[in-house]
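Next comes upload-v8.txt, a file with compact mmCIF, C-alpha atoms.
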```txt
# COMPACT_ATOMS: atom_id res chain seq x y z
CA MET N 85 7.93 -39.67 86.07
CA ALA N 86 7.54 -41.82 89.17
CA ILE N 87 4.20 -40.12 89.78
CA ILE N 88 3.08 -40.83 86.25
CA ALA N 89 4.09 -44.48 86.54
CA HIS N 90 2.05 -44.65 89.72
CA GLU N 91 -0.97 -43.18 87.96
CA HIS N 92 -1.09 -46.20 85.69
CA LYS N 93 -2.13 -48.28 88.65
CA ASN N 94 -5.62 -46.86 88.68
CA SER N 95 -8.94 -48.54 89.36
CA ASP N 96 -8.61 -50.57 86.16
CA GLY N 97 -5.54 -52.35 87.41
CA CYS N 98 -2.46 -51.01 85.73
CA ARG N 99 -3.68 -50.66 82.18
CA ALA N 100 -3.22 -47.29 80.54
CA ARG N 101 -6.24 -45.52 79.11
CA ILE N 102 -5.20 -44.52 75.61
CA LEU N 103 -7.06 -42.20 73.29
CA ALA N 104 -5.79 -42.87 69.75
CA ILE N 105 -6.75 -40.19 67.23
CA ALA N 106 -6.39 -39.83 63.46
CA SER N 107 -8.24 -38.11 60.65
CA GLY N 108 -8.90 -40.03 57.44
CA GLY N 109 -6.85 -41.82 54.81
CA GLY N 110 -3.13 -42.03 55.49
CA HIS N 111 -3.43 -40.63 59.01
CA TRP N 112 -5.74 -43.50 59.97
CA VAL N 113 -3.69 -46.20 58.23
CA GLN N 114 -0.58 -44.96 60.05
CA LEU N 115 -2.40 -45.00 63.42
CA LEU N 116 -3.49 -48.60 62.86
CA ARG N 117 0.12 -49.59 62.27
CA LEU N 118 0.94 -48.51 65.85
CA ARG N 119 -1.49 -50.98 67.42
CA PRO N 120 1.11 -53.49 68.69
CA ALA N 121 2.35 -50.69 70.98
CA PHE N 122 -1.12 -50.54 72.56
CA ALA N 123 -1.20 -54.26 73.43
CA GLY N 124 -2.85 -54.93 76.77
CA GLU N 125 -3.99 -51.31 77.30
CA ARG N 126 -7.49 -49.86 77.11
CA VAL N 127 -7.71 -48.02 73.80
CA ALA N 128 -10.48 -45.82 72.40
CA TYR N 129 -10.26 -44.58 68.82
CA VAL N 130 -11.31 -41.27 67.31
CA THR N 131 -11.51 -40.68 63.57
CA VAL N 132 -13.58 -39.00 60.88
CA ASN N 133 -15.12 -41.90 58.98
CA ARG N 134 -17.74 -44.24 60.41
CA ALA N 135 -16.65 -47.04 58.07
CA TYR N 136 -13.28 -47.32 59.83
CA ARG N 137 -14.99 -48.97 62.80
CA ALA N 138 -14.83 -52.31 60.98
CA GLU N 139 -11.04 -52.20 61.26
CA ILE N 140 -10.71 -51.95 65.03
CA GLY N 141 -12.98 -54.66 66.41
CA SER N 142 -14.84 -53.94 69.62
CA ALA N 143 -12.76 -51.03 70.99
CA PRO N 144 -14.69 -47.82 71.82
CA PHE N 145 -14.91 -45.73 68.69
CA TYR N 146 -15.85 -42.08 68.15
CA VAL N 147 -16.53 -40.25 64.90
CA VAL N 148 -15.82 -36.52 64.63
CA ASN N 149 -16.09 -34.07 61.77
CA ASP N 150 -12.84 -33.22 59.99
CA ALA N 151 -11.80 -29.60 59.66
CA THR N 152 -9.14 -27.42 58.12
CA ARG N 153 -7.86 -24.09 59.32
CA TRP N 154 -9.93 -22.42 56.61
CA ASN N 155 -13.25 -23.53 58.01
CA LYS N 156 -13.62 -21.88 61.40
CA TRP N 157 -17.10 -23.24 62.07
CA ALA N 158 -15.98 -26.83 61.42
CA LEU N 159 -12.95 -26.22 63.65
CA PHE N 160 -15.20 -24.96 66.43
CA ARG N 161 -17.54 -27.96 66.19
CA LEU N 162 -14.56 -30.32 66.12
CA ALA N 163 -13.01 -28.63 69.17
CA LEU N 164 -16.24 -29.00 71.18
CA ARG N 165 -16.64 -32.63 70.22
CA MET N 166 -13.00 -33.45 71.00
CA ALA N 167 -13.32 -31.72 74.40
CA TRP N 168 -16.38 -33.86 75.15
CA ILE N 169 -14.64 -37.08 74.10
CA VAL N 170 -11.54 -36.30 76.16
CA LEU N 171 -13.65 -35.49 79.24
CA ARG N 172 -15.65 -38.65 78.77
CA ARG N 173 -12.71 -41.03 78.19
CA ARG N 174 -10.35 -39.41 80.71
CA PRO N 175 -7.31 -40.85 78.93
CA ASN N 176 -3.93 -40.81 80.61
CA ILE N 177 -2.26 -41.15 77.19
CA VAL N 178 -3.28 -39.38 73.98
CA ILE N 179 -1.59 -40.51 70.75
CA THR N 180 -2.21 -39.03 67.33
CA THR N 181 -0.89 -39.22 63.80
CA GLY N 182 -2.74 -35.97 62.92
CA ALA N 183 -4.31 -33.87 61.80
CA ALA N 184 -7.00 -31.46 63.14
CA PRO N 185 -8.80 -33.95 65.45
CA GLY N 186 -5.45 -35.01 66.88
CA TYR N 187 -4.46 -31.40 67.41
CA PHE N 188 -7.46 -30.80 69.68
CA GLY N 189 -7.03 -34.23 71.22
CA VAL N 190 -3.51 -33.56 72.47
CA LEU N 191 -4.49 -30.02 73.54
CA PHE N 192 -7.43 -31.11 75.70
CA GLY N 193 -5.56 -34.25 76.77
CA ARG N 194 -2.78 -32.08 78.10
CA LEU N 195 -5.26 -29.89 79.96
CA ILE N 196 -6.61 -32.89 81.91
CA GLY N 197 -3.10 -34.11 82.68
CA ALA N 198 -2.73 -36.86 80.08
CA ARG N 199 0.65 -37.48 78.52
CA THR N 200 0.54 -36.80 74.81
CA VAL N 201 2.28 -37.99 71.64
CA TRP N 202 2.28 -36.34 68.22
CA ILE N 203 3.57 -38.50 65.36
CA ASP N 204 3.82 -36.36 62.27
CA SER N 205 2.58 -38.13 59.15
CA MET N 206 5.10 -39.96 57.00
CA ALA N 207 3.74 -37.89 54.12
CA ASN N 208 5.58 -34.87 55.52
CA VAL N 209 9.07 -35.36 54.14
CA ASP N 210 10.29 -31.82 53.48
CA GLN N 211 8.66 -30.02 56.40
CA LEU N 212 6.43 -30.84 59.35
CA SER N 213 2.68 -30.38 59.00
CA LEU N 214 1.32 -27.07 60.26
CA SER N 215 -0.70 -28.80 62.97
CA GLY N 216 2.41 -30.79 63.89
CA ARG N 217 4.47 -27.64 64.27
CA LYS N 218 1.80 -26.10 66.49
CA ALA N 219 1.01 -29.16 68.59
CA GLY N 220 4.68 -30.07 68.96
CA ARG N 221 5.36 -27.26 71.38
CA TRP N 222 3.28 -28.77 74.12
CA VAL N 223 3.12 -32.50 73.56
CA ASN N 224 5.28 -34.74 75.76
CA LEU N 225 6.64 -36.75 72.87
CA TRP N 226 6.99 -35.04 69.51
CA LEU N 227 8.02 -37.31 66.65
CA THR N 228 8.79 -36.97 62.97
CA GLN N 229 9.13 -40.03 60.74
CA TRP N 230 12.02 -38.59 58.75
CA PRO N 231 15.49 -38.26 60.33
CA SER N 232 16.18 -35.13 58.30
CA LEU N 233 13.34 -33.27 60.08
CA ALA N 234 14.53 -34.14 63.61
CA ARG N 235 15.86 -31.18 65.66
CA SER N 236 17.38 -30.90 69.10
CA ASP N 237 14.74 -28.32 70.01
CA GLY N 238 12.05 -29.89 67.83
CA PRO N 239 10.66 -33.29 66.96
CA ARG N 240 12.79 -36.37 67.46
CA PHE N 241 13.10 -39.32 65.14
CA GLU N 242 12.27 -42.69 66.69
CA GLY N 243 11.54 -44.76 63.60
CA ALA N 244 8.63 -44.74 61.17
CA VAL N 245 5.36 -46.58 60.62
CA LEU N 246 7.07 -48.41 57.75
CA MET B 76 -6.70 -56.35 37.78
CA ILE B 77 -5.40 -52.80 37.83
CA PHE B 78 -6.75 -50.83 40.77
CA VAL B 79 -6.76 -47.05 40.54
CA THR B 80 -7.61 -44.91 43.57
CA VAL B 81 -7.53 -41.16 44.24
CA GLY B 82 -8.40 -41.30 47.95
CA ALA B 83 -11.41 -39.91 49.77
CA GLN B 84 -10.61 -36.22 49.84
CA MET B 85 -10.53 -34.75 46.36
CA PRO B 86 -10.98 -36.03 42.82
CA PHE B 87 -7.90 -36.33 40.63
CA ASP B 88 -9.10 -36.32 37.01
CA ARG B 89 -5.57 -35.82 35.70
CA LEU B 90 -4.81 -39.34 36.93
CA ILE B 91 -8.04 -40.96 35.74
CA ARG B 92 -8.18 -39.52 32.20
CA PRO B 93 -4.92 -41.02 30.89
CA VAL B 94 -5.80 -44.39 32.42
CA ASP B 95 -9.25 -44.32 30.80
CA ALA B 96 -7.74 -43.33 27.44
CA TRP B 97 -5.12 -46.07 27.70
CA ALA B 98 -7.77 -48.69 28.55
CA GLY B 99 -9.81 -47.55 25.51
CA GLU B 100 -6.91 -48.31 23.19
CA ARG B 101 -6.47 -51.89 24.23
CA SER B 102 -8.98 -54.66 24.62
CA GLY B 103 -9.30 -56.80 27.69
CA SER B 104 -7.75 -54.35 30.13
CA ASN B 105 -9.21 -55.02 33.52
CA VAL B 106 -9.26 -51.71 35.38
CA PHE B 107 -11.26 -50.63 38.40
CA ALA B 108 -11.03 -47.00 39.52
CA GLN B 109 -12.17 -45.05 42.57
CA ILE B 110 -12.39 -41.52 41.21
CA GLY B 111 -13.86 -39.40 44.04
CA ARG B 112 -16.58 -36.78 43.66
CA SER B 113 -15.85 -35.89 40.04
CA ASP B 114 -17.82 -34.84 36.95
CA LEU B 115 -15.65 -37.15 34.94
CA ARG B 116 -17.43 -40.24 33.53
CA PRO B 117 -14.77 -42.75 32.48
CA ARG B 118 -15.90 -44.81 29.48
CA ASN B 119 -13.42 -47.61 29.23
CA ILE B 120 -12.96 -48.65 32.81
CA GLU B 121 -15.14 -49.73 35.68
CA TRP B 122 -15.36 -47.01 38.29
CA THR B 123 -16.98 -45.82 41.50
CA ALA B 124 -16.87 -42.51 43.39
CA PHE B 125 -15.94 -43.91 46.78
CA LEU B 126 -15.05 -47.20 48.43
CA ASP B 127 -15.26 -48.29 52.04
CA PRO B 128 -11.80 -48.71 53.58
CA LEU B 129 -12.18 -52.48 53.82
CA ASP B 130 -13.34 -52.72 50.18
CA CYS B 131 -10.37 -50.62 49.22
CA ARG B 132 -8.02 -52.91 51.13
CA GLN B 133 -9.62 -55.92 49.45
CA ARG B 134 -9.16 -54.38 45.99
CA ILE B 135 -5.52 -53.65 46.73
CA SER B 136 -4.93 -57.22 47.90
CA GLU B 137 -6.45 -58.58 44.68
CA ALA B 138 -4.85 -56.14 42.24
CA ASP B 139 -1.75 -56.80 40.13
CA VAL B 140 -0.83 -53.11 40.07
CA ILE B 141 -2.00 -50.05 42.02
CA ILE B 142 -2.13 -46.63 40.34
CA THR B 143 -2.69 -43.76 42.74
CA HIS B 144 -1.82 -40.29 44.02
CA ALA B 145 0.97 -40.01 46.63
CA GLY B 146 -1.38 -40.82 49.51
CA MET B 147 0.24 -42.68 52.39
CA GLY B 148 -2.85 -44.77 53.12
CA THR B 149 -2.94 -46.46 49.73
CA ILE B 150 0.83 -46.73 49.47
CA LEU B 151 1.25 -48.32 52.91
CA THR B 152 -1.53 -50.81 52.23
CA ALA B 153 -0.08 -51.70 48.83
CA LEU B 154 3.38 -52.26 50.35
CA GLU B 155 1.84 -54.49 52.97
CA PHE B 156 0.62 -56.74 50.14
CA GLY B 157 3.86 -56.33 48.16
CA LYS B 158 2.03 -54.84 45.16
CA PRO B 159 3.74 -52.61 42.58
CA VAL B 160 2.58 -49.00 42.97
CA LEU B 161 2.62 -46.36 40.27
CA VAL B 162 2.19 -42.90 41.77
CA MET B 163 1.44 -39.52 40.23
CA PRO B 164 1.76 -36.72 42.81
CA ARG B 165 -0.98 -34.09 43.11
CA ARG B 166 -0.06 -30.51 42.26
CA ALA B 167 -0.99 -27.58 44.46
CA ASP B 168 -0.91 -25.07 41.57
CA LEU B 169 -3.74 -27.04 39.92
CA ARG B 170 -5.62 -27.08 43.23
CA GLU B 171 -5.39 -30.85 43.41
CA THR B 172 -4.16 -30.51 46.99
CA ARG B 173 -3.23 -27.72 49.40
CA ASN B 174 0.53 -27.92 49.06
CA ASP B 175 3.15 -29.83 47.15
CA HIS B 176 3.95 -32.31 49.91
CA GLN B 177 3.07 -35.19 47.56
CA PHE B 178 6.21 -34.43 45.58
CA GLY B 179 8.36 -34.84 48.67
CA THR B 180 6.61 -38.07 49.58
CA SER B 181 7.03 -39.38 46.03
CA ARG B 182 10.72 -38.49 45.92
CA ALA B 183 11.50 -40.09 49.29
CA LEU B 184 9.56 -43.28 48.63
CA THR B 185 11.03 -43.71 45.15
CA ARG B 186 14.50 -43.37 46.61
CA ALA B 187 13.55 -46.06 49.12
CA GLY B 188 12.51 -48.39 46.31
CA CYS B 189 8.89 -48.51 47.48
CA ILE B 190 7.09 -46.97 44.50
CA SER B 191 7.46 -45.89 40.87
CA VAL B 192 6.56 -42.31 40.03
CA ALA B 193 5.05 -40.65 36.98
CA TRP B 194 5.71 -36.94 37.50
CA SER B 195 3.27 -35.84 34.76
CA GLU B 196 0.39 -37.13 32.62
CA GLY B 197 2.91 -37.77 29.82
CA GLU B 198 5.03 -39.94 32.09
CA LEU B 199 1.90 -41.68 33.31
CA THR B 200 0.86 -42.62 29.77
CA ALA B 201 4.39 -43.84 29.07
CA ALA B 202 4.42 -45.87 32.27
CA LEU B 203 1.05 -47.44 31.42
CA SER B 204 2.48 -48.90 28.23
CA ARG B 205 5.05 -50.88 30.23
CA LEU B 206 3.01 -51.58 33.33
CA ASP B 207 4.02 -55.23 33.43
CA GLN B 208 7.62 -54.14 34.00
CA LEU B 209 6.87 -52.27 37.22
CA PRO B 210 9.03 -53.74 39.97
CA ALA B 211 7.14 -55.32 42.85
CA PRO B 212 8.34 -53.93 46.18
CA ARG B 213 9.28 -56.11 49.08
CA ARG B 214 6.32 -56.81 51.36
CA VAL B 215 6.40 -54.85 54.59
CA ALA B 216 4.99 -55.87 57.97
CA SER B 217 1.46 -54.78 58.89
CA HIS B 218 2.80 -52.66 61.75
CA ALA B 219 5.23 -49.82 62.39
CA SER B 220 8.99 -50.34 62.74
CA LEU B 221 10.16 -52.02 65.92
CA GLN B 222 12.04 -48.85 66.81
CA LEU B 223 8.89 -46.73 66.77
CA LEU B 224 6.79 -49.35 68.57
CA THR B 225 9.42 -49.65 71.29
CA ALA B 226 9.57 -45.88 71.74
CA LEU B 227 5.78 -45.72 72.10
CA ARG B 228 5.65 -48.73 74.38
CA THR B 229 8.25 -47.17 76.64
CA PHE B 230 6.33 -43.92 76.70
CA ILE B 231 3.00 -45.60 77.43
CA ARG B 232 4.37 -47.58 80.34
CA GLY B 233 5.78 -44.39 81.83
CA ASP B 234 9.47 -45.24 81.79
CA ALA B 235 11.51 -42.15 82.41
CA VAL B 236 14.02 -42.71 79.65
CA LEU B 237 13.45 -43.78 76.09
CA PRO B 238 15.83 -46.51 75.01
CA VAL B 239 18.73 -45.12 73.06
CA ALA B 240 18.18 -46.57 69.63
CA PRO B 241 21.02 -46.76 67.14
CA PRO B 242 20.69 -43.99 64.57
CA THR B 243 18.40 -45.47 61.97
CA ASP B 244 18.02 -44.07 58.54
CA VAL B 245 14.49 -44.64 57.29
CA LEU B 246 15.75 -45.29 53.82
CA THR B 247 18.12 -48.02 54.98
CA GLN B 248 15.35 -49.43 57.05
CA LEU B 249 13.06 -49.55 54.04
CA LYS B 250 15.55 -51.36 51.87
CA HIS B 251 16.05 -54.13 54.39
CA PRO B 252 13.40 -56.65 55.29
CA ALA B 253 11.01 -55.30 57.87
CA VAL B 254 10.74 -57.00 61.21
CA PRO B 255 8.42 -59.98 60.82
CA THR B 256 5.09 -59.52 62.55
CA SER B 257 5.13 -62.06 65.30
CA PRO B 258 8.56 -61.62 66.93
CA ALA B 259 8.11 -57.84 67.07
CA GLU B 260 4.75 -58.14 68.73
CA GLU B 261 6.00 -60.85 71.05
CA GLN B 262 8.87 -58.72 72.15
CA ILE B 263 6.60 -55.79 72.82
CA GLU B 264 4.09 -57.87 74.69
CA LYS B 265 6.92 -59.33 76.74
CA LYS B 266 7.98 -55.80 77.67
CA ALA B 267 4.41 -54.95 78.54
CA ALA B 268 4.07 -57.90 80.87
```
Please lay out the structure from this file as C-alpha cells.
Amino acid sequence: MAIIAHEHKNSDGCRARILAIASGGGHWVQLLRLRPAFAGERVAYVTVNRAYRAEIGSAPFYVVNDATRWNKWALFRLALRMAWIVLRRRPNIVITTGAAPGYFGVLFGRLIGARTVWIDSMANVDQLSLSGRKAGRWVNLWLTQWPSLARSDGPRFEGAVL
Amino acid sequence: MIFVTVGAQMPFDRLIRPVDAWAGERSGSNVFAQIGRSDLRPRNIEWTAFLDPLDCRQRISEADVIITHAGMGTILTALEFGKPVLVMPRRADLRETRNDHQFGTSRALTRAGCISVAWSEGELTAALSRLDQLPAPRRVASHASLQLLTALRTFIRGDAVLPVAPPTDVLTQLKHPAVPTSPAEEQIEKKAA
C-alpha cells in the first residue's frame, strides 16, 4: 500500500485521478451521492445519457452505450469504448455503482493498475447484481449497501448512499 | 401537483392506467406523468414520454406526491426533497423488468419508513383515494452516509486500513436523521487536506 500511496504523488501533485462510472437512472443518482468523497481529486465521469452532463459541472464527461448480457454486439461496442476511455484517462482509481459500463471500467482499470471499487446498487436488497457478483472477484473494494448481503469472502458493508 | 414517473428504461402502463382513470373521476386533479415509450395515450392527465434528468428533479421538487416504480433514482431524489412517495414495484412475470428485485427494494424501503407501497393495481387505486394521507418521509442529505463516504475517502487516499466503523444497520440509519450536508463534507475535506 505504501507504493500505491506514493503513486498518488504524480505529475499532477498528489491528486488522485478518479474515473467514476454509472449507467442510467438509479445507478447515476447513487454515483452523484458519492461526490463529497471525491473532493479535491481529479474526477472524470462516464455514463449513458448525454443529458446527465448538466449535473456535474465542468468535469470531463464521457457517454457510452448501455448494454445487457443479452445484446452481445452492444456489449462488444461498450467494451471497446470503455477500454479507450480507460487508456485515455489513465485513472489510478475506478469507482462504479454499476452496471455494464462499470463492469468494463473496473476490468480495464485493473489491467492498467488502477485500484477499483464496486458499489452494488441499493436496489439489490435480496441478492447482488449479476455484474456485481462477477466484478466483485477482482475489484479491490467490493461493497454492498445492505448488511444482510455482506460476506467474509464476499462484499463488505460500509454504509449506503442513503 | 402529483408527479408520476416510470423511469427511462421501460414503460409501465399498469402504473399509468389506474392514475389516469382516477384523475378522470375527479375534477381539478393536477397530475403530470412521464410514461416512457408506450402506446398508451392518457386522457385525463398531462403526460410526456421522457424528461431530462434536471427536469425530472425539478418536477420532484415541486410535486406534493410522487407516484413511481421502485426505481432508486426517483426514490432517492424524492427523499432528498422530503416528498411522500407511493411505489408500485414492477413485475418480472409481466416483463415489466428483468427480475423481481423491485419487490425487495420496496419491502426494504417500506420497512425503513421511506416509501409507501401499492403491491398491485387494486392497492394503487385504493391508495390514490387517500393520497393526502401519505406520510411525508424525513428529508435525507444530498450525499451518501458518512460511513460510506469515509470508507471511500480512505480508499482513495491509499490508506492501508479502512477505519473500523461500528456495525451500522441501514434501517436504523434510515430512521435517524441523516448527517447534515456541511459537517460531513467538512470532515471529509479536512481528512483530504
request  = Find the residues around Leu212 of chain N up to 10 Å (only C-alpha atoms counted), leave out those fewer than 3 positions away in its own chain, and share them as a ChimeraX atom specification.
outcome  = /N:204-209,215-218,220,227-230,233-234,239 /B:176
With all atoms listed in the file counted and 6 Å as the cut-off, give the residues of chain B in contact with chain N, each with its shortest interatomic distance in Å and the pair that gives it, as CSV.
```
residue,atom,partner,partner_atom,distance
B:Met147,CA,N:Gly110,CA,4.6
B:Gly148,CA,N:Gly110,CA,3.6
B:Gly179,CA,N:Val209,CA,5.5
B:Thr180,CA,N:Ala207,CA,5.4
B:His218,CA,N:Arg117,CA,4.1
B:Ala219,CA,N:Val245,CA,3.7
B:Ser220,CA,N:Val245,CA,5.6
B:Gln222,CA,N:Gly243,CA,5.2
B:Leu223,CA,N:Gly243,CA,4.6
B:Leu224,CA,N:Ala121,CA,5.2
B:Arg228,CA,N:Ala121,CA,5.1
B:Gly233,CA,N:Ala89,CA,5.0
B:Ala235,CA,N:Met85,CA,5.7
B:Glu260,CA,N:Pro120,CA,5.9
```
query = By how many Å are atom CA of Leu164 of chain N and atom CA of Phe188 of chain N apart?
reply =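 We find that atom CA of Leu164 of chain N and atom CA of Phe188 of chain N lie 9.1 Å from each other.
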query = Which one of B:Pro212, B:Thr143, B:Gly188, B:Leu227 sits closest to Trp202 of chain N if you count all atoms listed in the file?
reply = B:Leu227
key: 10 Å contact set for Arg165 of chain N, all atoms listed in the file, chain neighbours under 3 positions out, as a list in words   = Tyr146, Val147, Val148, Asn149, Leu159, Phe160, Arg161, Leu162, Trp168, Ile169, Val170, Leu171, Pro185, Phe188 and Gly189 of chain N
key: Between atom CA of Phe107 of chain B and atom CA of Pro128 of chain B - distance in Å to one decimal   =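 Atom CA of Pro128 of chain B sits 15.3 Å away from atom CA of Phe107 of chain B.
Considering the residues B:Ala202, B:Cys189, B:Ala167, B:Val215 and counting all atoms listed in the file, Val94 of chain B has its shortest atom-to-atom contact with B:Ala202.
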ask   = Do you know which residues are at most 9 Å from Pro93 of chain B counting only C-alpha atoms, after dropping those on the same chain fewer than 6 positions away, and could you put them as a list in words?
value =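 Everything that qualifies: Glu196, Gly197, Leu199, Thr200 and Leu203 of chain B.
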